[in-house]
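Participant: A single structure is presented below for examination.
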Amino acid sequence: MTGSRLWPPTLAAAGLAIALVGGAVAQPRIFELNIEKGRLPENQRLVRVRQGEEVILKWRADQAVVLHLHGYDIEARVSPAAWTEMRFTAAATGRFPIELHAQTHATIAHLEVHPR
Amino acid sequence: MGALVLLAPGAAAAHGFGQRYDLPVPLALWVTGAAAAVALSFVVIGLFVKAAPGERDYWRSNLLRFAPGRLLAHAGVRRAARGVSVGLLVLVLVASLAGDQTPTRNLAPTAVWVAWWVGLAYVSALVGNLWAVVNPWAAMWSGVETLLGARGRRPPWRYPGWLGYWPAVVLFLVFAWIELIYTGRSIPAHLGRLILGYSALTFAGMALFGRATWLRRADPFATAFSVLARFAPTEIRTANPDACQRCAAPCAGPDGVCLDCGDCFDRAAPARREWNLRPFAAGLLRTDDVTPSMVVFVLLLLSTVTFDGFTATPAWAGLEGALYAALAPLGEARLTVIGTLGLLAFPLLFVLVYLAFARWMAWMAGGPLSTGAVARLFVLSLVPIAIAYHLAHYFTYLLVQGQLLIRLASDPLGLGWNLFGTARYRPDIGLVGARAVWYTAVVAIVLGHVVAVWVAHVVAVREYRDRRAALRSQLPMLALMVGYTVVSLWIIAQPIVETR
């Protein structure tokens with residue numbers, strides 16, 4: 001009898017523990033991306049993450065630009081003064097272009113969200 | 001490459017409008033798919049060495065024997081469908097010319113490129129030739145004929161036999177250029193003017209050569225959808241050779257069978273009408289009406305579908321980049337020139353490769369059939385591979401971009417309306433996961449390949465009679481099909497890159 005009454009709190013404690021551990025493990029993935037003369041360095045043009053991950057893209061540019069992450073449809077105004085963040089959970093899989101909107105539109109990088 | 005990307009004006013995917021967000025199919029999966037295609041080819045051949053039907057006929061079940069079938073095929077229902085179709089065309093035209101010119105806020109680009117061109121291709125291949133029933137231009141012209149009492153009257157000009165399907169070939173090439181190369185394709189007003197131009201051409205053609213003849217021979221869309229619909233599991237058939245002899249369109253084949261002719265269906269007595277369910281791809285077994293111009297049309301259709309996918313691969317981007325540097329004197333027009341050259345080169349390559357294989361097949365079989373005869377007999381057997389690739393290629397595109405219609409239904413002109421309360425709907429990009437897309441794509445392509453091998457075999461056994469000759473003729477065909485399937489799989493395993 002006492003055993004069955006103990007169940008709910010035990011389950012709740014276990015759930016909480018899993019949530020805490022999970023939260024501690026799921027650090028956001030942070031990527032620092034530097035735009036120079038409208039381009040990213042070769043090694044920053046592909047951002048690969050796993051589905052469900054928390055993602056932070058930190059942008060910096062040598063001149064004021066507008067960036068657009070397609071699909072997730074997130075826009076960011078980036079100025080030379082400070083880092084600008086795009087923060088989201090990578091819920092949908094796919095390969096999403098990130099466009100730089102200036103006088104012309106150009107794809108400067110791709111975000112790839114791979115299935116778990 | 002980077003410089004090229006920066007110079008390219010605007011940003012759009014290769015196909016008409018909207019972007020595809022597909023992840024490339026992983027290497028292991030596409031290699032498995034290719035291996036499965038090869039292995040299953042031999043299974044199909046193994047089965048056919050023992051027993052092949054080698055017939056023209058196939059299983060059919062007339063849906064008009066059942067009440068729901070009769071209701072769906074009722075003249076009133078068909079008229080209503082045509083009415084809706086004309087209404088939608090007018091709405092798209094008004095939206096394109098008078099609505100907001102942002103492509104995603106205007107109904108026209110999504111309606112034309114996503115719903116009509118990609119969506120209707122799916123319906124044609126998987127359900128039946130819906131376009132033949134609801135084609136709004138045909139419906140309007142048929143209405144005009146009835147009003148003027150000109151139904152059944154002889155058109156002023158006789159359509160010359162030597163023209164064959166060549167007008168459809170030329171017009172389809174023009175359409176493909178607009179779909180894949182022309183940068184104004186997603187701008188509503190440009191699209192509107194193109195629709196008006198097409199309307200003028202189609203009405204003129206129907207007036208001069210007769211509605212049915214023009215649609216069957218010269219109209220690129222009626223021809224394309226009818227080729228795809230040969231794969232579909234439904235057909236309309238008129239069991240009345242007399243009605244077909246009187247038909248303005250050359251609809252009865254040499255075998256006297258009248259298939260997919262709406263006019264004959266309307267004229268025939270109800271007891272003579274059939275709306276049949278049939279096995280998938282059964283329509284591809286009928287090769288009597290395949291002329292040289294039809295061979296070219298089918299190859300053109302297949303090559304543009306492949307070219308569409310190829311232009312999004314890094315390989316094409318590299319080629320384009322190299323040509324871009326080499327063609328510097330051409331200035332701004334370079335990307336258009338390169339794209340146009342590619343669009344012309346692809347069909348040419350398809351025709352040359354196919355004819356080379358047809359020659360090889362004729363030689364291997366050593367029988368009475370010439371290279372030309374072989375080319376006409378087997379071209380339709382390639383269609384399932386193209387359909388499967390098309391399904392794989394546009395699966396997520398249709399599901400994701402198609403959702404724009406939910407929003408646009410409420411505000412088709414982008415004027416801030418909210419007719420159905422869905423104007424703020426945001427497409428869910430996570431509707432299908434990458435893994436589901438990969439497996440669907442690879443399974444579809446492998447299945448398409450198996451069906452293609454099956455069709456080619458049935459035709460070969462039927463035409464050669466001699467089983468050994470049939471088998472020998474199929475070895476080159478098999479090599480061609482494996483090559484085509486592997487190219488399709490390779491394209492969906494490439495990361496999508498945008499160069500324009």
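Here's how to read the names in the structure tokens: chain A, B, ... by the order shown, residue numbers from 1 in each chain, ligand numbers from 1 in the order shown.
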Would you mind listing, for every residue of range 393-447 of chain B within 12 Å of range 485-491 of chain B, the two atoms forming the shortest contact and the distance between them in Å to one decimal, using only C-alpha atoms, sorted by chain and ascending residue number, as JSON lines?
Facilitator:
```
{"residue": "B:His393", "atom": "CA", "partner": "B:Ile491", "partner_atom": "CA", "distance": 8.9}
{"residue": "B:Trp438", "atom": "CA", "partner": "B:Leu489", "partner_atom": "CA", "distance": 10.5}
{"residue": "B:Tyr439", "atom": "CA", "partner": "B:Leu489", "partner_atom": "CA", "distance": 11.7}
{"residue": "B:Ala441", "atom": "CA", "partner": "B:Leu489", "partner_atom": "CA", "distance": 8.6}
{"residue": "B:Val442", "atom": "CA", "partner": "B:Leu489", "partner_atom": "CA", "distance": 7.1}
{"residue": "B:Val443", "atom": "CA", "partner": "B:Leu489", "partner_atom": "CA", "distance": 10.4}
{"residue": "B:Ala444", "atom": "CA", "partner": "B:Leu489", "partner_atom": "CA", "distance": 10.3}
{"residue": "B:Ile445", "atom": "CA", "partner": "B:Thr485", "partner_atom": "CA", "distance": 7.0}
{"residue": "B:Val446", "atom": "CA", "partner": "B:Thr485", "partner_atom": "CA", "distance": 7.6}
{"residue": "B:Leu447", "atom": "CA", "partner": "B:Thr485", "partner_atom": "CA", "distance": 10.3}
```
Participant: As a CSV table (one decimal) with N, CA, C and O atoms, in the first residue's frame, please: the residues near Gln51 in chain A (cut-off 9 Å, only C-alpha atoms, same-chain neighbours under 5 positions excluded).
Facilitator:
```csv
chain,number,residue,atom,x,y,z
A,89,THR,N,15.3,27.1,-32.1
A,89,THR,CA,15.4,25.6,-32.0
A,89,THR,C,15.3,25.0,-33.4
A,89,THR,O,14.4,25.3,-34.1
A,90,ALA,N,16.3,24.1,-33.7
A,90,ALA,CA,16.3,23.6,-35.0
A,90,ALA,C,15.2,22.4,-35.1
A,90,ALA,O,15.6,21.3,-35.1
A,91,ALA,N,14.0,22.8,-35.2
A,91,ALA,CA,12.9,21.8,-35.1
A,91,ALA,C,12.7,21.1,-36.4
A,91,ALA,O,12.4,19.9,-36.5
A,92,ALA,N,12.9,21.8,-37.6
A,92,ALA,CA,12.6,21.2,-38.9
A,92,ALA,C,13.9,20.8,-39.6
A,92,ALA,O,14.9,21.6,-39.6
A,93,THR,N,14.0,19.6,-40.1
A,93,THR,CA,15.2,19.2,-40.9
A,93,THR,C,15.2,19.9,-42.2
A,93,THR,O,14.2,20.3,-42.7
A,113,VAL,N,20.1,21.2,-41.1
A,113,VAL,CA,19.6,20.5,-39.9
A,113,VAL,C,19.4,19.0,-40.2
A,113,VAL,O,18.5,18.7,-41.1
A,114,HIS,N,20.2,18.2,-39.6
A,114,HIS,CA,20.1,16.8,-40.0
A,114,HIS,C,19.2,16.0,-39.0
A,114,HIS,O,19.2,16.4,-37.8
A,115,PRO,N,18.6,15.0,-39.4
A,115,PRO,CA,17.7,14.2,-38.5
A,115,PRO,C,18.5,13.5,-37.4
A,115,PRO,O,19.7,13.2,-37.7
A,116,ARG,N,17.9,13.3,-36.3
A,116,ARG,CA,18.6,12.6,-35.2
A,116,ARG,C,18.7,11.1,-35.5
A,116,ARG,O,17.9,10.6,-36.1
```
Participant: Using only C-alpha atoms, I'd like a table of the residues in chain A that come within 6 Å of chain B; for each, show the closest atom pair and its distance in Å rounded to one decimal, ordered by chain and ascending number, as CSV.
Facilitator:
```
residue,atom,partner,partner_atom,distance
A:Ala92,CA,B:Gly430,CA,4.3
A:Thr93,CA,B:Ala434,CA,5.7
A:Gly94,CA,B:Leu23,CA,4.9
A:Arg95,CA,B:Tyr21,CA,4.9
A:Phe96,CA,B:Tyr21,CA,5.6
A:Thr104,CA,B:Pro9,CA,5.8
A:His105,CA,B:Gly10,CA,5.3
A:Ala106,CA,B:Leu6,CA,5.5
```
Participant: Extract, using only C-alpha atoms, all DNA, RNA and protein residues at most 7 Å from Pro188 in chain B, discarding same-chain residues fewer than 4 positions from it, and format them as a ChimeraX atom specification.
Facilitator: /B:96-97,101,103,106,108-109,192
Participant: According to DSSP computed on the backbone, where in range 41-104 of chain A is there strand (DSSP E or B)? Give the residues as a compact mmCIF listing (two decimals) with all heavy atoms, in the first residue's frame.
Facilitator:
```txt
# COMPACT_ATOMS: atom_id res chain seq x y z
N LEU A 46 28.95 26.65 -44.12
CA LEU A 46 28.00 25.57 -43.87
C LEU A 46 27.86 25.37 -42.36
O LEU A 46 28.83 25.08 -41.67
CB LEU A 46 28.49 24.27 -44.52
CG LEU A 46 27.53 23.08 -44.39
CD1 LEU A 46 26.20 23.38 -45.07
CD2 LEU A 46 28.15 21.83 -44.99
N VAL A 47 26.66 25.60 -41.87
CA VAL A 47 26.39 25.41 -40.44
C VAL A 47 25.60 24.11 -40.30
O VAL A 47 24.48 24.01 -40.81
CB VAL A 47 25.57 26.60 -39.88
CG1 VAL A 47 25.21 26.34 -38.43
CG2 VAL A 47 26.33 27.90 -40.05
N ARG A 48 26.20 23.11 -39.65
CA ARG A 48 25.52 21.80 -39.52
C ARG A 48 25.10 21.58 -38.08
O ARG A 48 25.92 21.66 -37.17
CB ARG A 48 26.48 20.68 -39.91
CG ARG A 48 26.64 20.47 -41.40
CD ARG A 48 27.72 19.44 -41.63
NE ARG A 48 27.26 18.13 -41.21
CZ ARG A 48 26.98 17.15 -42.08
NH1 ARG A 48 27.15 17.33 -43.37
NH2 ARG A 48 26.57 15.98 -41.65
N VAL A 49 23.82 21.29 -37.88
CA VAL A 49 23.33 20.98 -36.53
C VAL A 49 22.42 19.76 -36.62
O VAL A 49 22.07 19.30 -37.70
CB VAL A 49 22.55 22.17 -35.91
CG1 VAL A 49 23.45 23.38 -35.79
CG2 VAL A 49 21.30 22.49 -36.72
N ARG A 50 22.06 19.24 -35.43
CA ARG A 50 21.11 18.12 -35.37
C ARG A 50 19.73 18.66 -35.04
O ARG A 50 19.59 19.65 -34.34
CB ARG A 50 21.53 17.11 -34.30
CG ARG A 50 22.81 16.41 -34.62
CD ARG A 50 22.60 14.92 -34.81
NE ARG A 50 23.70 14.39 -35.61
CZ ARG A 50 23.52 13.73 -36.75
NH1 ARG A 50 22.32 13.49 -37.20
NH2 ARG A 50 24.55 13.28 -37.43
N GLU A 54 19.32 23.55 -29.83
CA GLU A 54 19.16 24.99 -29.66
C GLU A 54 20.32 25.64 -30.41
O GLU A 54 21.47 25.24 -30.20
CB GLU A 54 19.25 25.24 -28.14
CG GLU A 54 18.78 26.55 -27.63
CD GLU A 54 17.31 26.84 -27.85
OE1 GLU A 54 16.52 25.89 -27.94
OE2 GLU A 54 16.98 28.03 -27.95
N VAL A 55 20.05 26.56 -31.30
CA VAL A 55 21.12 27.12 -32.14
C VAL A 55 21.21 28.63 -31.95
O VAL A 55 20.19 29.33 -31.90
CB VAL A 55 20.87 26.82 -33.63
CG1 VAL A 55 22.01 27.36 -34.49
CG2 VAL A 55 20.69 25.32 -33.86
N ILE A 56 22.44 29.12 -31.80
CA ILE A 56 22.65 30.57 -31.79
C ILE A 56 23.65 30.91 -32.89
O ILE A 56 24.77 30.42 -32.90
CB ILE A 56 23.19 31.07 -30.43
CG1 ILE A 56 22.19 30.71 -29.31
CG2 ILE A 56 23.41 32.57 -30.46
CD1 ILE A 56 22.68 31.08 -27.93
N LEU A 57 23.22 31.71 -33.84
CA LEU A 57 24.13 32.20 -34.87
C LEU A 57 24.49 33.64 -34.49
O LEU A 57 23.61 34.50 -34.41
CB LEU A 57 23.47 32.17 -36.26
CG LEU A 57 22.91 30.83 -36.73
CD1 LEU A 57 22.32 30.97 -38.14
CD2 LEU A 57 23.98 29.75 -36.73
N LYS A 58 25.78 33.85 -34.22
CA LYS A 58 26.22 35.21 -33.85
C LYS A 58 26.88 35.85 -35.06
O LYS A 58 27.87 35.33 -35.58
CB LYS A 58 27.20 35.14 -32.68
CG LYS A 58 26.56 34.59 -31.42
CD LYS A 58 27.55 34.49 -30.28
CE LYS A 58 27.85 35.88 -29.73
NZ LYS A 58 28.69 35.74 -28.49
N TRP A 59 26.32 36.94 -35.50
CA TRP A 59 26.77 37.58 -36.74
C TRP A 59 27.54 38.86 -36.47
O TRP A 59 27.24 39.59 -35.55
CB TRP A 59 25.56 37.93 -37.62
CG TRP A 59 24.80 36.75 -38.12
CD1 TRP A 59 23.68 36.23 -37.57
CD2 TRP A 59 25.11 35.95 -39.26
NE1 TRP A 59 23.25 35.15 -38.30
CE2 TRP A 59 24.12 34.97 -39.35
CE3 TRP A 59 26.13 35.98 -40.22
CZ2 TRP A 59 24.10 34.01 -40.35
CZ3 TRP A 59 26.12 35.04 -41.21
CH2 TRP A 59 25.12 34.05 -41.28
N ARG A 60 28.50 39.09 -37.34
CA ARG A 60 29.20 40.36 -37.34
C ARG A 60 29.52 40.69 -38.80
O ARG A 60 29.81 39.79 -39.58
CB ARG A 60 30.49 40.23 -36.54
CG ARG A 60 31.10 41.53 -36.21
CD ARG A 60 32.00 41.35 -35.02
NE ARG A 60 31.99 42.57 -34.24
CZ ARG A 60 32.67 42.71 -33.14
NH1 ARG A 60 33.37 41.69 -32.65
NH2 ARG A 60 32.66 43.84 -32.50
N ALA A 61 29.46 41.96 -39.16
CA ALA A 61 29.72 42.33 -40.55
C ALA A 61 30.49 43.64 -40.60
O ALA A 61 30.39 44.46 -39.69
CB ALA A 61 28.40 42.49 -41.30
N VAL A 65 24.18 45.19 -42.84
CA VAL A 65 23.47 44.35 -43.80
C VAL A 65 22.24 43.74 -43.14
O VAL A 65 22.13 43.74 -41.92
CB VAL A 65 24.35 43.19 -44.35
CG1 VAL A 65 25.44 43.70 -45.25
CG2 VAL A 65 24.90 42.36 -43.21
N VAL A 66 21.36 43.23 -43.97
CA VAL A 66 20.21 42.49 -43.46
C VAL A 66 20.40 41.03 -43.87
O VAL A 66 20.72 40.74 -45.02
CB VAL A 66 18.89 43.04 -44.04
CG1 VAL A 66 17.71 42.20 -43.57
CG2 VAL A 66 18.70 44.49 -43.64
N LEU A 67 20.22 40.12 -42.91
CA LEU A 67 20.35 38.69 -43.20
C LEU A 67 19.00 38.01 -43.08
O LEU A 67 18.19 38.40 -42.24
CB LEU A 67 21.33 38.04 -42.23
CG LEU A 67 22.77 38.49 -42.35
CD1 LEU A 67 23.59 37.87 -41.23
CD2 LEU A 67 23.34 38.10 -43.71
N HIS A 68 18.80 37.02 -43.91
CA HIS A 68 17.52 36.30 -43.87
C HIS A 68 17.79 34.80 -43.90
O HIS A 68 18.36 34.29 -44.87
CB HIS A 68 16.64 36.72 -45.05
CG HIS A 68 15.29 36.09 -45.01
ND1 HIS A 68 14.53 35.89 -46.14
CD2 HIS A 68 14.56 35.60 -43.99
CE1 HIS A 68 13.39 35.30 -45.80
NE2 HIS A 68 13.39 35.12 -44.50
N LEU A 69 17.37 34.11 -42.84
CA LEU A 69 17.46 32.65 -42.81
C LEU A 69 16.14 32.11 -43.36
O LEU A 69 15.09 32.25 -42.75
CB LEU A 69 17.68 32.16 -41.37
CG LEU A 69 17.52 30.66 -41.12
CD1 LEU A 69 18.45 29.84 -42.01
CD2 LEU A 69 17.77 30.35 -39.65
N ILE A 74 13.84 33.86 -40.38
CA ILE A 74 14.32 34.76 -39.34
C ILE A 74 15.16 35.84 -40.00
O ILE A 74 16.02 35.54 -40.84
CB ILE A 74 15.18 34.01 -38.30
CG1 ILE A 74 14.34 32.92 -37.63
CG2 ILE A 74 15.75 34.97 -37.27
CD1 ILE A 74 15.14 31.97 -36.77
N GLU A 75 14.90 37.08 -39.66
CA GLU A 75 15.66 38.18 -40.22
C GLU A 75 16.50 38.85 -39.15
O GLU A 75 16.08 38.91 -37.99
CB GLU A 75 14.71 39.21 -40.86
CG GLU A 75 15.11 39.52 -42.28
CD GLU A 75 14.18 40.51 -42.94
OE1 GLU A 75 13.80 41.51 -42.31
OE2 GLU A 75 13.87 40.27 -44.11
N ALA A 76 17.67 39.32 -39.52
CA ALA A 76 18.50 40.02 -38.55
C ALA A 76 19.20 41.19 -39.24
O ALA A 76 19.69 41.04 -40.36
CB ALA A 76 19.53 39.07 -37.94
N ARG A 77 19.21 42.33 -38.55
CA ARG A 77 19.99 43.49 -39.05
C ARG A 77 21.33 43.46 -38.36
O ARG A 77 21.40 43.47 -37.13
CB ARG A 77 19.26 44.79 -38.70
CG ARG A 77 17.99 44.91 -39.45
CD ARG A 77 17.19 46.15 -39.08
NE ARG A 77 16.01 46.15 -39.94
CZ ARG A 77 16.04 46.53 -41.21
NH1 ARG A 77 17.16 46.98 -41.76
NH2 ARG A 77 14.94 46.47 -41.94
N VAL A 78 22.37 43.39 -39.16
CA VAL A 78 23.70 43.26 -38.59
C VAL A 78 24.48 44.55 -38.85
O VAL A 78 24.50 45.04 -39.98
CB VAL A 78 24.45 42.06 -39.22
CG1 VAL A 78 25.82 41.90 -38.60
CG2 VAL A 78 23.63 40.80 -39.07
N THR A 84 25.23 40.34 -33.53
CA THR A 84 23.78 40.21 -33.60
C THR A 84 23.45 38.72 -33.58
O THR A 84 24.11 37.95 -34.28
CB THR A 84 23.24 40.83 -34.90
OG1 THR A 84 23.78 42.15 -35.00
CG2 THR A 84 21.73 40.88 -34.90
N GLU A 85 22.46 38.34 -32.80
CA GLU A 85 22.16 36.92 -32.65
C GLU A 85 20.89 36.51 -33.38
O GLU A 85 19.91 37.23 -33.41
CB GLU A 85 21.97 36.57 -31.17
CG GLU A 85 23.27 36.49 -30.41
CD GLU A 85 23.08 35.93 -29.00
OE1 GLU A 85 21.93 35.54 -28.67
OE2 GLU A 85 24.08 35.89 -28.26
N MET A 86 20.95 35.31 -34.00
CA MET A 86 19.74 34.62 -34.44
C MET A 86 19.63 33.42 -33.51
O MET A 86 20.55 32.60 -33.47
CB MET A 86 19.88 34.11 -35.88
CG MET A 86 19.73 35.12 -36.97
SD MET A 86 19.88 34.26 -38.56
CE MET A 86 19.66 35.62 -39.71
N ARG A 87 18.56 33.30 -32.78
CA ARG A 87 18.44 32.21 -31.81
C ARG A 87 17.17 31.42 -32.10
O ARG A 87 16.09 31.99 -32.24
CB ARG A 87 18.39 32.80 -30.40
CG ARG A 87 18.51 31.74 -29.35
CD ARG A 87 18.45 32.33 -27.95
NE ARG A 87 18.67 31.22 -27.03
CZ ARG A 87 19.54 31.24 -26.04
NH1 ARG A 87 20.25 32.32 -25.80
NH2 ARG A 87 19.68 30.17 -25.27
N PHE A 88 17.30 30.11 -32.24
CA PHE A 88 16.12 29.29 -32.54
C PHE A 88 16.39 27.84 -32.21
O PHE A 88 17.54 27.43 -32.02
CB PHE A 88 15.75 29.42 -34.02
CG PHE A 88 16.88 29.08 -34.96
CD1 PHE A 88 17.01 27.79 -35.47
CD2 PHE A 88 17.83 30.02 -35.31
CE1 PHE A 88 18.06 27.46 -36.32
CE2 PHE A 88 18.89 29.72 -36.15
CZ PHE A 88 19.01 28.43 -36.65
N THR A 89 15.31 27.07 -32.13
CA THR A 89 15.42 25.62 -31.97
C THR A 89 15.31 25.00 -33.36
O THR A 89 14.38 25.32 -34.11
CB THR A 89 14.29 25.09 -31.09
OG1 THR A 89 14.28 25.85 -29.87
CG2 THR A 89 14.48 23.61 -30.76
N GLY A 94 16.35 19.91 -42.83
CA GLY A 94 16.45 20.48 -44.17
C GLY A 94 17.73 21.27 -44.36
O GLY A 94 18.59 21.31 -43.47
N ARG A 95 17.84 21.85 -45.53
CA ARG A 95 19.01 22.65 -45.89
C ARG A 95 18.49 24.03 -46.25
O ARG A 95 17.76 24.20 -47.23
CB ARG A 95 19.72 21.99 -47.07
CG ARG A 95 20.94 22.70 -47.57
CD ARG A 95 21.56 21.90 -48.69
NE ARG A 95 22.33 22.74 -49.59
CZ ARG A 95 23.64 22.96 -49.45
NH1 ARG A 95 24.32 22.38 -48.48
NH2 ARG A 95 24.27 23.76 -50.28
N PHE A 96 18.82 25.00 -45.42
CA PHE A 96 18.19 26.31 -45.55
C PHE A 96 19.20 27.38 -45.92
O PHE A 96 20.20 27.55 -45.21
CB PHE A 96 17.49 26.68 -44.24
CG PHE A 96 16.51 25.64 -43.78
CD1 PHE A 96 16.89 24.65 -42.87
CD2 PHE A 96 15.22 25.61 -44.29
CE1 PHE A 96 15.99 23.67 -42.46
CE2 PHE A 96 14.32 24.63 -43.89
CZ PHE A 96 14.71 23.66 -42.97
N PRO A 97 18.97 28.10 -47.00
CA PRO A 97 19.91 29.16 -47.37
C PRO A 97 19.82 30.36 -46.43
O PRO A 97 18.73 30.69 -45.94
CB PRO A 97 19.48 29.53 -48.79
CG PRO A 97 18.11 29.00 -48.97
CD PRO A 97 17.88 27.93 -47.96
N ILE A 98 20.97 30.97 -46.19
CA ILE A 98 20.99 32.23 -45.46
C ILE A 98 21.40 33.30 -46.46
O ILE A 98 22.45 33.22 -47.08
CB ILE A 98 22.00 32.18 -44.29
CG1 ILE A 98 21.62 31.05 -43.34
CG2 ILE A 98 22.01 33.53 -43.56
CD1 ILE A 98 22.67 30.76 -42.27
N GLU A 99 20.52 34.27 -46.64
CA GLU A 99 20.75 35.27 -47.68
C GLU A 99 21.14 36.60 -47.11
O GLU A 99 20.67 37.00 -46.04
CB GLU A 99 19.46 35.45 -48.50
CG GLU A 99 19.48 34.68 -49.78
CD GLU A 99 18.21 34.93 -50.58
OE1 GLU A 99 17.59 35.97 -50.41
OE2 GLU A 99 17.87 34.03 -51.36
N LEU A 100 21.99 37.27 -47.86
CA LEU A 100 22.38 38.61 -47.50
C LEU A 100 21.60 39.56 -48.41
O LEU A 100 21.67 39.44 -49.64
CB LEU A 100 23.88 38.76 -47.73
CG LEU A 100 24.53 40.07 -47.33
CD1 LEU A 100 25.86 39.77 -46.69
CD2 LEU A 100 24.72 40.97 -48.52
N HIS A 101 20.82 40.42 -47.81
CA HIS A 101 20.03 41.35 -48.62
C HIS A 101 20.72 42.71 -48.59
O HIS A 101 20.71 43.40 -47.58
CB HIS A 101 18.62 41.50 -48.05
CG HIS A 101 17.80 40.25 -48.17
ND1 HIS A 101 16.46 40.20 -47.91
CD2 HIS A 101 18.14 38.99 -48.52
CE1 HIS A 101 16.00 38.96 -48.09
NE2 HIS A 101 17.02 38.21 -48.46
```
Participant: Return the single residue from B:Ala168, B:Ile492, B:Leu259, B:Leu215 that is closest to Ala312 in chain B, with distances computed using only C-alpha atoms.
Facilitator: B:Ile492
Participant: Give me, as a ChimeraX atom specification, the residues of range 105-211 of chain B that a backbone DSSP run labels alpha helix (DSSP H).
Facilitator: /B:107-109,120-126,130-134,136-148,166-180,188-209,211
Participant: Closest to Asn34 in chain A among A:Ser79, A:Thr107, A:Glu53, A:Asp73, using only C-alpha atoms?
Facilitator: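 Looking at the shortest contact to Asn34 in chain A, the residue is A:Ser79.
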Participant: Env of Leu301 in chain B: 12 Å cut, atoms = only C-alpha atoms, seq-sep filter 5 positions within chain, self excluded. Answer as JSON, numbers by chain.
Facilitator: {"B": [121, 168, 169, 170, 171, 172, 173, 175, 176, 220, 221, 223, 224, 225, 226, 227, 228, 294, 295, 296, 306, 307, 308, 343, 346, 347, 348, 350, 351, 379, 380, 382, 383, 385, 386, 387, 390]}
Participant: What does the distance from CA of Asp62 in chain A to CA of Ile35 in chain A come to in Å, to one decimal?
Facilitator: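 We find that CA of Asp62 in chain A and CA of Ile35 in chain A lie 6.5 Å from each other.
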Participant: As a VMD selection string, please: the residues near Phe378 in chain B (cut-off 10 Å, only C-alpha atoms, same-chain neighbours under 4 positions excluded).
Facilitator: chain B and resid 284 to 285 287 290 295 354 358 373 to 374 382 to 383 452 455 to 457 459 to 460 474 477
